[in-house]
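Quick look at model07.cif (mmCIF, C-alpha atoms):
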```cif
data_work
loop_
_atom_site.group_PDB
_atom_site.id
_atom_site.type_symbol
_atom_site.label_atom_id
_atom_site.label_comp_id
_atom_site.auth_asym_id
_atom_site.auth_seq_id
_atom_site.Cartn_x
_atom_site.Cartn_y
_atom_site.Cartn_z
ATOM 1 C CA MET A 1 -13.497 18.071 -4.126
ATOM 2 C CA GLY A 2 -13.186 18.477 -0.368
ATOM 3 C CA VAL A 3 -10.796 20.589 1.638
ATOM 4 C CA GLU A 4 -8.949 17.700 3.314
ATOM 5 C CA PRO A 5 -6.288 15.818 1.309
ATOM 6 C CA ILE A 6 -6.987 12.220 0.332
ATOM 7 C CA GLU A 7 -5.010 9.648 2.334
ATOM 8 C CA TYR A 8 -3.095 6.961 0.429
ATOM 9 C CA ALA A 9 -1.299 3.853 1.719
ATOM 10 C CA PRO A 10 -0.273 0.705 -0.187
ATOM 11 C CA THR A 11 -2.250 -2.444 0.603
ATOM 12 C CA ILE A 12 -0.417 -5.663 -0.299
ATOM 13 C CA ILE A 13 -2.213 -9.001 -0.628
ATOM 14 C CA GLY A 14 -0.002 -12.078 -1.124
ATOM 15 C CA ASP A 15 -0.435 -15.123 -3.358
ATOM 16 C CA GLY A 16 -3.086 -17.736 -2.605
ATOM 17 C CA VAL A 17 -5.045 -15.510 -0.209
ATOM 18 C CA TYR A 18 -8.749 -16.180 0.362
ATOM 19 C CA LEU A 19 -10.842 -13.190 1.430
ATOM 20 C CA GLY A 20 -14.222 -14.315 2.718
ATOM 21 C CA PRO A 21 -17.451 -12.540 1.748
ATOM 22 C CA ASN A 22 -17.805 -9.002 3.134
ATOM 23 C CA ALA A 23 -14.227 -9.011 4.494
ATOM 24 C CA ILE A 24 -12.721 -5.526 4.779
ATOM 25 C CA VAL A 25 -8.981 -4.825 4.552
ATOM 26 C CA GLN A 26 -7.872 -1.421 5.821
ATOM 27 C CA MET A 27 -5.491 0.620 3.689
ATOM 28 C CA GLY A 28 -1.798 0.125 4.420
ATOM 29 C CA VAL A 29 -2.182 -3.493 5.571
ATOM 30 C CA THR A 30 0.054 -6.316 4.282
ATOM 31 C CA ILE A 31 -1.376 -9.836 4.073
ATOM 32 C CA GLY A 32 1.141 -12.656 3.563
ATOM 33 C CA ASP A 33 0.867 -15.654 1.222
ATOM 34 C CA ARG A 34 -1.626 -18.507 1.804
ATOM 35 C CA VAL A 35 -3.767 -16.603 4.323
ATOM 36 C CA VAL A 36 -7.476 -17.264 4.924
ATOM 37 C CA VAL A 37 -9.554 -14.280 6.050
ATOM 38 C CA GLY A 38 -12.982 -15.260 7.368
ATOM 39 C CA ALA A 39 -16.291 -13.787 6.281
ATOM 40 C CA ASN A 40 -17.303 -10.402 7.727
ATOM 41 C CA SER A 41 -13.785 -9.852 9.127
ATOM 42 C CA PHE A 42 -12.094 -6.474 9.499
ATOM 43 C CA VAL A 43 -8.329 -6.685 8.934
ATOM 44 C CA ASN A 44 -6.645 -3.624 10.429
ATOM 45 C CA ARG A 45 -3.082 -4.915 11.022
ATOM 46 C CA ASP A 46 -0.491 -6.913 9.083
ATOM 47 C CA ILE A 47 -1.019 -10.684 8.803
ATOM 48 C CA GLY A 48 1.893 -13.126 8.431
ATOM 49 C CA THR A 49 2.161 -16.027 5.983
ATOM 50 C CA GLY A 50 0.006 -19.161 6.252
ATOM 51 C CA LEU A 51 -2.385 -17.954 8.968
ATOM 52 C CA ARG A 52 -6.160 -18.097 9.422
ATOM 53 C CA VAL A 53 -7.786 -14.939 10.762
ATOM 54 C CA PHE A 54 -11.336 -13.888 11.439
ATOM 55 C CA GLY A 55 -13.370 -11.530 13.565
ATOM 56 C CA THR A 56 -13.795 -7.795 14.025
ATOM 57 C CA PRO A 57 -10.994 -6.879 14.375
ATOM 58 C CA ALA A 58 -9.434 -9.949 12.754
ATOM 59 C CA ARG A 59 -7.398 -12.151 15.084
ATOM 60 C CA VAL A 60 -5.209 -15.157 14.346
ATOM 61 C CA HIS A 61 -6.798 -18.562 15.060
ATOM 62 C CA SER A 62 -5.271 -22.010 14.679
#
```
Rewrite the coordinates I just gave you, this time as structure tokens.
Amino acid sequence: MGVEPIEYAPTIIGDGVYLGPNAIVQMGVTIGDRVVVGANSFVNRDIGTGLRVFGTPARVHS
């Protein structure tokens, strides 16, 4: 109902992904298979396969 157009971007979440409680994934982000996203994390860039990420913004940790 506003004047500005609504923005759309595909968000892709792979197989076997765990999104922790209160995790936020920004639109247009791709998350690979077997990824763990920690609680309260903000994912604002693409994440490769088999990684563990957490934080705000989410960063890869081993």
Quiz item: What's the 6 Å shell around stretch 7-19 of chain A, counting only C-alpha atoms, without same-chain residues fewer than 6 positions away, as a list in words?
Solution: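 In the requested format, the answer is Met27, Gly28, Val29, Thr30, Ile31, Gly32, Asp33, Arg34, Val35, Val36 and Val37 of chain A.
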Exercise. Using all atoms listed in the file, find the one residue out of A:Val60, A:Gln26, A:Ile6, A:Pro21 that sits nearest to A:Gly48.
Key: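 Of the candidates, the smallest distance to A:Gly48 is held by A:Val60.
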Self-check item: Separation of atom CA of A:Ala23 from atom CA of A:Ser62 in Å
Solution: 18.8 Å
Exercise. Could you check how far atom CA of A:Val43 sits from atom CA of A:Ala58, in Å to one decimal?
Key: 5.1 Å
Quiz item: What is the atom CA of A:Asn40-atom CA of A:Arg59 distance in Å, reported with one decimal?
Solution: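 Between atom CA of A:Asn40 and atom CA of A:Arg59 the gap is 12.5 Å.
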Practice problem: Considering all atoms listed in the file, return as a ChimeraX atom specification whatever protein or nucleic-acid residues lie within 7 Å of A:Phe42, sequence-local ones (same chain, fewer than 5 positions apart) excluded. | Solution: /A:23-25,55-58
Write the residues of the selection above to a file with C-alpha atoms, as a PDB file, keeping the file's coordinate frame.
```
ATOM      1  CA  ALA A  23     -14.227  -9.011   4.494  1.00  0.00           C
ATOM      2  CA  ILE A  24     -12.721  -5.526   4.779  1.00  0.00           C
ATOM      3  CA  VAL A  25      -8.981  -4.825   4.552  1.00  0.00           C
ATOM      4  CA  GLY A  55     -13.370 -11.530  13.565  1.00  0.00           C
ATOM      5  CA  THR A  56     -13.795  -7.795  14.025  1.00  0.00           C
ATOM      6  CA  PRO A  57     -10.994  -6.879  14.375  1.00  0.00           C
ATOM      7  CA  ALA A  58      -9.434  -9.949  12.754  1.00  0.00           C
TER       8      ALA A  58
END
```
Enclose stretch 5-12 of chain A, meaning all of its atoms listed in the file, in a box aligned along x, y and z, pad it by 6 Å on each side, and list the centre and edge lengths in Å to one decimal, as JSON.
```
{"center_x": -3.6, "center_y": 5.1, "center_z": 1.0, "size_x": 18.7, "size_y": 33.5, "size_z": 14.6}
```
